[in-house]
Structure formats: C-alpha cells, structure tokens
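A.B. asks: Below is one structure. I have some questions about it.
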Protein chains: 2
Amino acid sequence: MGTVGPMPSPARQLPFDPIAEARRHWDERWSGGAAMAAATSVMRAQQIVLAQVDEALKPFGLTFARYEALVLLTFSRRGSLPLGKMGERLMIHPTSVTNIVDRLEGQGLVRRVPHPTDRRTTLCEITDEGRELAEKATAAVTAVGLGITGLSDREVDQLFRLLAKMRRAAGDFAAAADPS
Amino acid sequence: MGTVGPMPSPARQLPFDPIAEARRHWDERWSGGAAMAAATSVMRAQQIVLAQVDEALKPFGLTFARYEALVLLTFSRRGSLPLGKMGERLMIHPTSVTNIVDRLEGQGLVRRVPHPTDRRTTLCEITDEGRELAEKATAAVTAVGLGITGLSDREVDQLFRLLAKMRRAAGDFAAAADPS
DNA sequence: CCAGATTAGTAGGACGTCCGACCTTCGGTC
DNA sequence: GACCGAAGGTCGGACGTCCTACTAATCTGG
C-alpha cells in the first residue's frame, strides 16, 4: 500500500490500538468487552472505508452515497427506479434518497421523471453523463479496493459472511445468503 | 430476539440480501465484487450498530458518540482528559470533539476546565452526574450486546480480529494487537 | 530574546443520516 | 361513488462527521 500517502483524516498514528486498550479497561469493570470492541471496530472500519472511497471519488465530484445510488441505477433494466425502491436496495431512509437524488440531479447525473401509471411515484433515471461518470468512478474505487485493504481474498469473504450473518440477525433480509 | 420489536429504522425486511444481489450485478460487469460487498457490508453494519445502541441510549438522552466520550473519561485516572487526547483515543476529528463536549457540557455530564500548566489546552472533566449516567447507560448498551447480535463469541472475536487487521493496514495504529 | 513553526481548540460550512410531520395519490370497502 | 387507511415523497430539524480557516499559546533556532 501507500507509504505515507493519502490516508484517512486522523493522520496521527497511535503506537497501540485504542480499541484494544478500551477493551482492557472495559473488562476490568464490566462484561462484554468483546462485543464492545467489535462494535467500536465496525464504527471505525466504516469511517476508514468512507474516507478512502470518498477520497477516490473526490475528482469526480461524487461521494460514496451518491456513487452507490448511481451504480444501482446502472444495474437496473431501464436505467430508472422509483425512489422508494432505491431506498430499499440501498437500505437508507426515504429522506436520504430525496437528499441524494437532489444532489445527483443538480449535477446532471440523474433526472426525475414521473411514473407512467402511478402518479404518487417518482422515477429516478440516470443520464448519459451519469453512466459515463459511474464507469470512470468505478475504476477509481476498485483501484483503492473500496477501502478494504490488508486482507486476503479469503479474509475479505470471511468478513462479508460474518457481517451478513449479523445483518440477517438484525432483520436486514429474510432468506439465507445461499453461498453456493 | 425480538419478534417485531424496535429494529433499525428501515423496518421493511427484504426477501433477499441486497448486497449479495449487488455483488452479482457487479461481477457481471467489473471485478472486485468481493471487496465491494465487504465494504458495503461494513457501511450497513455500522448503521445497524449505531441504530441499536442509539435506541438503547435514548432513555438517557445520550448517543453512541457522546456515550463513548463519557466512558473514555471514566477510564482516565483523574476523570479528565485534554480534548485533543480524547480525539486521538476516539479516533475522531478535533472539531467532532468540540461538538460532542459542547453537548455533554450542556447536559451537565462533563465540564471544561483549564489545563494547570498549558494554557492552550482545555481539559474535559466528567461530573458526578456523568459518572452515574455512564454506569446506567452501560447496563443498557450491554443489554443489547452493543448492536452485535447473531454471532457466537468466537465469531465476534473473529470479526474484531479481521477489522483490526484492516485498521492496522489503514494506519490506525503501529504495533500488532498482541492477542495473548 | 525574538521570529517563525508547531500545537490546541474553536467557528462556519458541507454532507449524509435519521425522525416527525405533512401532502398527494391509490386502493379497498361499504 | 365516497371515504379512509396505506403508500410515495418532500420539508424542516437534529445529530455527527469531516474540511478549511482562524486565534491563542508554546516551542525552537538563530
């Protein structure tokens, strides 16, 4: 990886793991230090992923959230989806979808179009500029491994499975991931 | 677990894992779908942890961020730390510390006191009310397993180790976690 | 001993997330 | 056919995070 290059914001490097340190303190007084350490690590890992991906997307004027929405649209048959559907797939709140689509629309990457039959529904349609940018941005984010570094392919998959199990327990989805 | 109880906000449960679905689409057109799935899972896992812990902390008027700061202070010798030190340990930006301490101070849970020798530095000192609340709040967050559910003790530890490896690669800390 | 670099903290703004409240439209029921 | 609950989006506010820029104080070199 990079030597001293563009790293997540809190550039200062500690000589020890502050989470492991906190876990030690925690277990001295309470119980469940392992869960605390895991939860805090998840929080911090998200911070790292977000920082690295956002950094890679900055030249394109995109953020992770907006990039995800854009990619989702490229995956759809007609390049358009109802806002509500987007919220479901991205697992974010309806108001967050409104926010993101507002910004993407302001950048000319998507366009709001009325649903042909249901006048309640608004479709979000990706523009040609949006498709082009999504393609370039994807090259950039894959180049940084989407912020997932230091893990072997096997470990990356292991991480995904562990989190999928946790997400399923939290009610994210019903069926098993069916890892065939 | 709960039946239909208080779950993370997007209450709707999908019949499939949207991340696994996205991974399928991704691999059809690009490469590195595993990293994408892992990164997205980390993002979503953080959302779940945050929602569940915040829910447990709501009766106390706390959030995860403020709770973490409070607990950090209880771990310190004299119950006070310089703001900068807090930012290091919590791995957040200095301005985030200012924000959090502002709110905690407004709640009477901490107090800003000048550093005895260095007049640049401000110490954040936990109050008696802060200590009491931290104790009660800890009972609440441990009761929900800090949002880490559906995993065995072994898997929780595995998750922590994987994320620690990733965090170390990202430059979070220098030495190995030394899991003895 | 003084000038420049560094460190500590804050102010203002951007972004994404959530929630509660609200309006419009659809659909089912009577 | 009319009503009333449900569904789709949006608005305004709260929160936490980050960044850039700024002030005040300390440290370091000449």
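Ordering of the structure tokens sets the chain letters (A, B, ...); residue numbers start at 1 within each chain; ligands are numbered from 1 in the order shown.
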If we count only C-alpha atoms (C1' of nucleotides), which residues of chain B reach to within 10 Å of chain C? Please list them as a PDB file with N, CA and C atoms, in the first residue's frame.
C.D. replies:
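And here's out33.pdb as it stands now:
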ATOM      1  N   SER B   9     -34.129   1.392  11.720  1.00  0.00           N
ATOM      2  CA  SER B   9     -35.189   2.174  11.097  1.00  0.00           C
ATOM      3  C   SER B   9     -35.816   1.562   9.852  1.00  0.00           C
ATOM      4  N   GLN B  47     -24.399   1.093  10.396  1.00  0.00           N
ATOM      5  CA  GLN B  47     -25.738   1.660  10.508  1.00  0.00           C
ATOM      6  C   GLN B  47     -26.551   0.900  11.558  1.00  0.00           C
ATOM      7  N   ALA B  51     -27.798   2.321  15.150  1.00  0.00           N
ATOM      8  CA  ALA B  51     -29.229   2.407  15.411  1.00  0.00           C
ATOM      9  C   ALA B  51     -29.594   1.694  16.703  1.00  0.00           C
ATOM     10  N   PRO B  82      -7.358  16.010  28.167  1.00  0.00           N
ATOM     11  CA  PRO B  82      -7.343  17.101  27.189  1.00  0.00           C
ATOM     12  C   PRO B  82      -8.218  16.720  25.999  1.00  0.00           C
ATOM     13  N   LEU B  83      -8.847  17.707  25.397  1.00  0.00           N
ATOM     14  CA  LEU B  83      -9.725  17.429  24.267  1.00  0.00           C
ATOM     15  C   LEU B  83      -8.979  16.713  23.146  1.00  0.00           C
ATOM     16  N   GLY B  84      -7.774  17.120  22.898  1.00  0.00           N
ATOM     17  CA  GLY B  84      -7.010  16.503  21.829  1.00  0.00           C
ATOM     18  C   GLY B  84      -6.772  15.019  22.070  1.00  0.00           C
ATOM     19  N   PRO B  94     -10.771  16.713  15.599  1.00  0.00           N
ATOM     20  CA  PRO B  94     -10.843  17.689  16.702  1.00  0.00           C
ATOM     21  C   PRO B  94     -12.169  18.443  16.760  1.00  0.00           C
ATOM     22  N   THR B  95     -12.697  18.790  15.607  1.00  0.00           N
ATOM     23  CA  THR B  95     -13.958  19.544  15.633  1.00  0.00           C
ATOM     24  C   THR B  95     -15.117  18.674  16.111  1.00  0.00           C
ATOM     25  N   VAL B  97     -14.776  16.491  18.467  1.00  0.00           N
ATOM     26  CA  VAL B  97     -14.633  16.512  19.920  1.00  0.00           C
ATOM     27  C   VAL B  97     -15.289  17.771  20.489  1.00  0.00           C
ATOM     28  N   THR B  98     -14.990  18.892  19.875  1.00  0.00           N
ATOM     29  CA  THR B  98     -15.597  20.142  20.328  1.00  0.00           C
ATOM     30  C   THR B  98     -17.116  20.022  20.344  1.00  0.00           C
ATOM     31  N   ASN B  99     -17.657  19.488  19.264  1.00  0.00           N
ATOM     32  CA  ASN B  99     -19.105  19.306  19.137  1.00  0.00           C
ATOM     33  C   ASN B  99     -19.650  18.445  20.275  1.00  0.00           C
ATOM     34  N   ASP B 118      -0.480  24.267  30.756  1.00  0.00           N
ATOM     35  CA  ASP B 118      -0.518  24.650  29.343  1.00  0.00           C
ATOM     36  C   ASP B 118      -1.824  25.385  29.045  1.00  0.00           C
ATOM     37  N   ARG B 119      -1.719  26.677  28.808  1.00  0.00           N
ATOM     38  CA  ARG B 119      -2.928  27.462  28.648  1.00  0.00           C
ATOM     39  C   ARG B 119      -3.591  27.293  27.291  1.00  0.00           C
ATOM     40  N   ARG B 120      -2.930  26.547  26.391  1.00  0.00           N
ATOM     41  CA  ARG B 120      -3.598  26.242  25.132  1.00  0.00           C
ATOM     42  C   ARG B 120      -4.643  25.155  25.341  1.00  0.00           C
ATOM     43  N   THR B 121      -4.325  24.262  26.274  1.00  0.00           N
ATOM     44  CA  THR B 121      -5.094  23.035  26.436  1.00  0.00           C
ATOM     45  C   THR B 121      -6.319  23.221  27.314  1.00  0.00           C
ATOM     46  N   THR B 122      -7.397  22.573  26.920  1.00  0.00           N
ATOM     47  CA  THR B 122      -8.612  22.526  27.730  1.00  0.00           C
ATOM     48  C   THR B 122      -8.836  21.090  28.171  1.00  0.00           C
TER      49      THR B 122
END
A.B. asks: Residues of chain B within 6 Å of chain A, using only C-alpha atoms, as a compact mmCIF listing (two decimals) with C-alpha atoms, in the first residue's frame?
C.D. replies:
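This went into selection-v1.txt:
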# COMPACT_ATOMS: atom_id res chain seq x y z
CA GLN B 13 -37.44 -6.69 5.50
CA LEU B 14 -36.32 -7.76 2.06
CA PRO B 15 -36.71 -11.38 0.95
CA PHE B 16 -33.09 -11.36 -0.21
CA ASP B 17 -29.79 -9.73 0.66
CA PRO B 18 -29.49 -6.57 -1.44
CA ALA B 38 -17.40 -6.29 2.13
CA VAL B 42 -19.25 -2.60 6.74
CA MET B 43 -21.26 0.51 5.95
CA GLN B 46 -22.23 0.43 11.19
CA ARG B 89 -8.42 7.77 21.52
CA THR B 149 -26.20 -9.87 17.52
CA GLY B 150 -26.48 -13.24 15.84
CA PHE B 160 -12.76 -7.95 15.77
CA MET B 166 -7.76 -3.95 8.22
CA ALA B 169 -3.25 -1.74 7.30
CA ASP B 172 -4.81 3.24 12.64
CA PHE B 173 -2.01 2.04 14.87
CA ALA B 174 1.53 0.75 14.57
CA ALA B 175 2.12 -2.25 16.80
A.B. asks: Compute the set of chain D residues within 8 Å of chain A, using only C-alpha atoms (C1' of nucleotides), and express it as a ChimeraX atom specification.
C.D. replies: /D:8-10
A.B. asks: Go ahead and save the residues from that selection, with N, CA and C atoms (P, O5', C5', C4', C3', O3' and C1' of nucleotides), as a short mmCIF file (atom, residue, chain, number, x, y, z; two decimals), in the first residue's frame.
C.D. replies:
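File result.cif, as written:
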data_model
loop_
_atom_site.label_atom_id
_atom_site.label_comp_id
_atom_site.auth_asym_id
_atom_site.auth_seq_id
_atom_site.Cartn_x
_atom_site.Cartn_y
_atom_site.Cartn_z
P DG D 8 -44.91 2.42 -1.57
"O5'" DG D 8 -44.83 3.94 -2.01
"C5'" DG D 8 -45.34 4.32 -3.27
"C4'" DG D 8 -44.94 5.73 -3.59
"C3'" DG D 8 -43.45 6.01 -3.34
"O3'" DG D 8 -42.94 6.77 -4.43
"C1'" DG D 8 -44.77 7.50 -2.05
P DG D 9 -41.33 6.97 -4.59
"O5'" DG D 9 -41.18 8.54 -4.41
"C5'" DG D 9 -41.87 9.17 -3.40
"C4'" DG D 9 -41.90 10.68 -3.56
"C3'" DG D 9 -40.57 11.35 -3.24
"O3'" DG D 9 -40.45 12.59 -3.94
"C1'" DG D 9 -42.16 11.74 -1.49
P DT D 10 -39.12 13.45 -3.79
"O5'" DT D 10 -39.56 14.55 -2.72
"C5'" DT D 10 -40.71 15.36 -2.99
"C4'" DT D 10 -40.96 16.31 -1.83
"C3'" DT D 10 -39.73 17.08 -1.34
"O3'" DT D 10 -40.06 18.46 -1.25
"C1'" DT D 10 -40.81 16.02 0.48
#
A.B. asks: After a least-squares superposition on chain A using every in-order C-alpha pair, I'd like chain B written out as a compact mmCIF listing (two decimals) with C-alpha atoms, in the first residue's frame.
C.D. replies:
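Contents of the output file part_37.txt:
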# COMPACT_ATOMS: atom_id res chain seq x y z
CA MET B 1 0.66 0.43 0.26
CA GLY B 2 1.38 4.11 0.26
CA THR B 3 4.19 5.40 2.38
CA VAL B 4 2.88 8.57 3.91
CA GLY B 5 0.25 9.16 1.28
CA PRO B 6 -3.40 10.15 1.56
CA MET B 7 -4.68 8.26 4.55
CA PRO B 8 -7.93 8.66 6.46
CA SER B 9 -8.12 12.01 8.10
CA PRO B 10 -6.87 11.44 11.64
CA ALA B 11 -3.39 11.16 10.20
CA ARG B 12 -1.71 10.61 13.56
CA GLN B 13 -0.77 7.00 14.07
CA LEU B 14 -0.98 5.63 17.58
CA PRO B 15 1.64 3.18 18.85
CA PHE B 16 -1.16 0.91 20.09
CA ASP B 17 -4.71 -0.03 19.20
CA PRO B 18 -7.01 2.30 21.15
CA ILE B 19 -9.87 -0.16 20.82
CA ALA B 20 -7.87 -3.01 22.33
CA GLU B 21 -6.89 -0.61 25.08
CA ALA B 22 -10.51 0.34 25.72
CA ARG B 23 -11.44 -3.32 25.79
CA ARG B 24 -8.92 -3.92 28.55
CA HIS B 25 -10.35 -1.10 30.64
CA TRP B 26 -13.88 -2.29 29.91
CA ASP B 27 -13.33 -5.85 31.04
CA GLU B 28 -11.81 -4.62 34.27
CA ARG B 29 -15.11 -3.08 35.29
CA TRP B 30 -17.88 -4.62 33.23
CA SER B 31 -18.49 -7.58 30.97
CA GLY B 32 -19.00 -7.95 27.25
CA GLY B 33 -15.76 -6.28 26.27
CA ALA B 34 -15.60 -8.41 23.15
CA ALA B 35 -18.91 -7.06 21.86
CA MET B 36 -17.79 -3.53 22.69
CA ALA B 37 -14.55 -4.02 20.80
CA ALA B 38 -16.36 -5.49 17.81
CA ALA B 39 -18.96 -2.73 17.74
CA THR B 40 -16.36 0.00 18.01
CA SER B 41 -14.28 -1.67 15.32
CA VAL B 42 -17.26 -1.71 13.00
CA MET B 43 -17.75 2.00 13.59
CA ARG B 44 -14.11 2.73 12.89
CA ALA B 45 -13.96 0.43 9.86
CA GLN B 46 -16.87 2.30 8.34
CA GLN B 47 -15.01 5.54 8.90
CA ILE B 48 -11.99 4.13 7.05
CA VAL B 49 -13.95 2.74 4.14
CA LEU B 50 -15.87 5.96 3.77
CA ALA B 51 -12.75 8.12 3.89
CA GLN B 52 -10.84 6.07 1.35
CA VAL B 53 -13.71 5.72 -1.10
CA ASP B 54 -14.67 9.37 -0.79
CA GLU B 55 -11.05 10.30 -1.44
CA ALA B 56 -11.02 8.20 -4.59
CA LEU B 57 -14.32 9.74 -5.72
CA LYS B 58 -13.40 13.34 -5.02
CA PRO B 59 -12.00 14.00 -8.54
CA PHE B 60 -15.41 13.07 -9.92
CA GLY B 61 -17.37 15.25 -7.54
CA LEU B 62 -19.02 12.19 -6.02
CA THR B 63 -19.40 10.71 -2.57
CA PHE B 64 -19.86 7.06 -1.62
CA ALA B 65 -23.56 7.58 -1.04
CA ARG B 66 -24.16 9.24 -4.41
CA TYR B 67 -21.90 6.76 -6.15
CA GLU B 68 -23.87 3.83 -4.74
CA ALA B 69 -27.11 5.31 -5.98
CA LEU B 70 -25.63 5.88 -9.42
CA VAL B 71 -24.35 2.31 -9.68
CA LEU B 72 -27.69 0.95 -8.53
CA LEU B 73 -29.33 2.74 -11.44
CA THR B 74 -26.86 1.28 -13.92
CA PHE B 75 -27.86 -2.16 -12.63
CA SER B 76 -31.53 -1.59 -13.42
CA ARG B 77 -33.12 -2.69 -16.66
CA ARG B 78 -34.23 0.69 -17.98
CA GLY B 79 -31.77 2.81 -16.03
CA SER B 80 -34.52 4.12 -13.78
CA LEU B 81 -36.09 3.17 -10.47
CA PRO B 82 -38.75 4.57 -8.15
CA LEU B 83 -37.19 6.51 -5.29
CA GLY B 84 -38.70 4.17 -2.76
CA LYS B 85 -37.17 1.15 -4.46
CA MET B 86 -33.79 2.83 -4.32
CA GLY B 87 -34.16 3.37 -0.61
CA GLU B 88 -34.97 -0.31 -0.13
CA ARG B 89 -31.98 -1.56 -2.05
CA LEU B 90 -29.57 0.95 -0.58
CA MET B 91 -31.11 0.36 2.84
CA ILE B 92 -31.42 4.03 3.63
CA HIS B 93 -34.26 6.26 4.80
CA PRO B 94 -36.63 7.80 2.23
CA THR B 95 -35.47 11.28 3.14
CA SER B 96 -31.88 10.26 2.48
CA VAL B 97 -32.93 9.20 -1.00
CA THR B 98 -34.53 12.56 -1.60
CA ASN B 99 -31.34 14.25 -0.44
CA ILE B 100 -29.07 12.15 -2.66
CA VAL B 101 -31.24 12.39 -5.74
CA ASP B 102 -31.48 16.15 -5.26
CA ARG B 103 -27.71 16.42 -5.47
CA LEU B 104 -27.28 13.97 -8.32
CA GLU B 105 -29.96 15.79 -10.26
CA GLY B 106 -28.21 19.08 -9.62
CA GLN B 107 -25.07 17.54 -11.13
CA GLY B 108 -27.00 16.39 -14.18
CA LEU B 109 -26.24 12.75 -13.46
CA VAL B 110 -29.84 11.69 -12.95
CA ARG B 111 -33.26 13.09 -13.77
CA ARG B 112 -36.62 12.84 -12.03
CA VAL B 113 -39.37 11.59 -14.29
CA PRO B 114 -42.99 10.90 -13.38
CA HIS B 115 -44.15 7.32 -13.14
CA PRO B 116 -46.31 6.46 -16.19
CA THR B 117 -49.21 4.96 -14.24
CA ASP B 118 -48.80 5.80 -10.53
CA ARG B 119 -48.79 9.53 -10.02
CA ARG B 120 -47.55 9.21 -6.46
CA THR B 121 -44.31 7.67 -7.64
CA THR B 122 -41.28 9.49 -8.97
CA LEU B 123 -38.74 7.64 -11.07
CA CYS B 124 -35.06 8.44 -10.92
CA GLU B 125 -33.44 7.97 -14.30
CA ILE B 126 -29.70 7.98 -14.92
CA THR B 127 -28.46 10.26 -17.70
CA ASP B 128 -25.75 9.50 -20.24
CA GLU B 129 -23.38 11.68 -18.26
CA GLY B 130 -24.30 9.66 -15.20
CA ARG B 131 -23.47 6.40 -16.92
CA GLU B 132 -20.13 7.67 -18.12
CA LEU B 133 -19.18 9.02 -14.73
CA ALA B 134 -20.25 5.82 -12.99
CA GLU B 135 -17.92 3.87 -15.24
CA LYS B 136 -14.94 6.11 -14.57
CA ALA B 137 -15.68 6.32 -10.87
CA THR B 138 -15.88 2.54 -10.63
CA ALA B 139 -12.36 2.26 -11.98
CA ALA B 140 -11.22 4.65 -9.26
CA VAL B 141 -12.93 2.90 -6.37
CA THR B 142 -11.84 -0.56 -7.46
CA ALA B 143 -8.29 0.80 -7.68
CA VAL B 144 -8.38 1.47 -3.95
CA GLY B 145 -10.11 -1.83 -3.23
CA LEU B 146 -13.13 0.05 -1.91
CA GLY B 147 -11.20 0.85 1.21
CA ILE B 148 -10.83 -2.82 2.14
CA THR B 149 -7.08 -3.28 2.45
CA GLY B 150 -4.72 -5.58 4.28
CA LEU B 151 -6.97 -8.61 3.98
CA SER B 152 -6.58 -11.66 1.77
CA ASP B 153 -9.35 -12.67 -0.60
CA ARG B 154 -10.34 -15.35 1.83
CA GLU B 155 -10.47 -12.92 4.73
CA VAL B 156 -12.52 -10.43 2.73
CA ASP B 157 -15.06 -13.13 2.06
CA GLN B 158 -14.98 -14.19 5.70
CA LEU B 159 -15.67 -10.62 6.73
CA PHE B 160 -18.61 -10.43 4.36
CA ARG B 161 -20.09 -13.65 5.72
CA LEU B 162 -19.75 -12.60 9.34
CA LEU B 163 -21.41 -9.28 8.67
CA ALA B 164 -24.12 -10.95 6.60
CA LYS B 165 -24.92 -13.21 9.53
CA MET B 166 -25.12 -10.24 11.81
CA ARG B 167 -27.25 -8.29 9.36
CA ARG B 168 -29.63 -11.17 8.93
CA ALA B 169 -30.01 -11.42 12.71
CA ALA B 170 -30.79 -7.72 12.78
CA GLY B 171 -33.55 -8.25 10.25
CA ASP B 172 -31.95 -6.89 7.11
CA PHE B 173 -33.27 -9.73 4.99
CA ALA B 174 -35.14 -12.98 5.42
CA ALA B 175 -33.62 -15.76 3.35
CA ALA B 176 -30.11 -17.07 3.82
CA ALA B 177 -27.44 -15.61 1.58
CA ASP B 178 -27.22 -19.02 -0.10
CA PRO B 179 -23.49 -18.97 -0.80
CA SER B 180 -23.32 -21.65 -3.47
A.B. asks: Can you list, as a PyMOL selection string, all residues belonging to segment 54-130 of chain A that DSSP tags as strand (DSSP E)?
C.D. replies: chain A and resi 80-82+110-114+122-126
A.B. asks: With N, CA and C atoms kept, could you save the residues just selected as a PDB file, in the first residue's frame?
C.D. replies:
ATOM      1  N   SER A  80     -33.691   3.292 -14.668  1.00  0.00           N
ATOM      2  CA  SER A  80     -34.501   4.131 -13.787  1.00  0.00           C
ATOM      3  C   SER A  80     -35.185   3.259 -12.739  1.00  0.00           C
ATOM      4  N   LEU A  81     -35.404   3.854 -11.571  1.00  0.00           N
ATOM      5  CA  LEU A  81     -36.055   3.155 -10.464  1.00  0.00           C
ATOM      6  C   LEU A  81     -36.898   4.146  -9.678  1.00  0.00           C
ATOM      7  N   PRO A  82     -37.980   3.674  -9.064  1.00  0.00           N
ATOM      8  CA  PRO A  82     -38.718   4.539  -8.141  1.00  0.00           C
ATOM      9  C   PRO A  82     -37.828   4.880  -6.948  1.00  0.00           C
ATOM     10  N   VAL A 110     -28.552  12.405 -12.885  1.00  0.00           N
ATOM     11  CA  VAL A 110     -29.832  11.706 -12.933  1.00  0.00           C
ATOM     12  C   VAL A 110     -30.916  12.736 -13.227  1.00  0.00           C
ATOM     13  N   ARG A 111     -32.140  12.237 -13.376  1.00  0.00           N
ATOM     14  CA  ARG A 111     -33.249  13.104 -13.746  1.00  0.00           C
ATOM     15  C   ARG A 111     -34.504  12.490 -13.140  1.00  0.00           C
ATOM     16  N   ARG A 112     -35.336  13.326 -12.543  1.00  0.00           N
ATOM     17  CA  ARG A 112     -36.603  12.837 -12.001  1.00  0.00           C
ATOM     18  C   ARG A 112     -37.641  12.817 -13.121  1.00  0.00           C
ATOM     19  N   VAL A 113     -38.295  11.671 -13.285  1.00  0.00           N
ATOM     20  CA  VAL A 113     -39.367  11.589 -14.278  1.00  0.00           C
ATOM     21  C   VAL A 113     -40.593  10.969 -13.617  1.00  0.00           C
ATOM     22  N   PRO A 114     -41.767  11.416 -13.994  1.00  0.00           N
ATOM     23  CA  PRO A 114     -42.981  10.891 -13.357  1.00  0.00           C
ATOM     24  C   PRO A 114     -43.219   9.440 -13.766  1.00  0.00           C
ATOM     25  N   THR A 122     -42.218   8.727  -8.116  1.00  0.00           N
ATOM     26  CA  THR A 122     -41.253   9.437  -8.947  1.00  0.00           C
ATOM     27  C   THR A 122     -40.148   8.472  -9.340  1.00  0.00           C
ATOM     28  N   LEU A 123     -39.828   8.448 -10.594  1.00  0.00           N
ATOM     29  CA  LEU A 123     -38.725   7.617 -11.058  1.00  0.00           C
ATOM     30  C   LEU A 123     -37.456   8.443 -11.117  1.00  0.00           C
ATOM     31  N   CYS A 124     -36.358   7.795 -10.776  1.00  0.00           N
ATOM     32  CA  CYS A 124     -35.046   8.431 -10.907  1.00  0.00           C
ATOM     33  C   CYS A 124     -34.337   7.754 -12.069  1.00  0.00           C
ATOM     34  N   GLU A 125     -33.999   8.538 -13.070  1.00  0.00           N
ATOM     35  CA  GLU A 125     -33.410   7.977 -14.293  1.00  0.00           C
ATOM     36  C   GLU A 125     -31.998   8.500 -14.474  1.00  0.00           C
ATOM     37  N   ILE A 126     -31.074   7.602 -14.733  1.00  0.00           N
ATOM     38  CA  ILE A 126     -29.680   8.008 -14.919  1.00  0.00           C
ATOM     39  C   ILE A 126     -29.508   8.605 -16.311  1.00  0.00           C
TER      40      ILE A 126
END
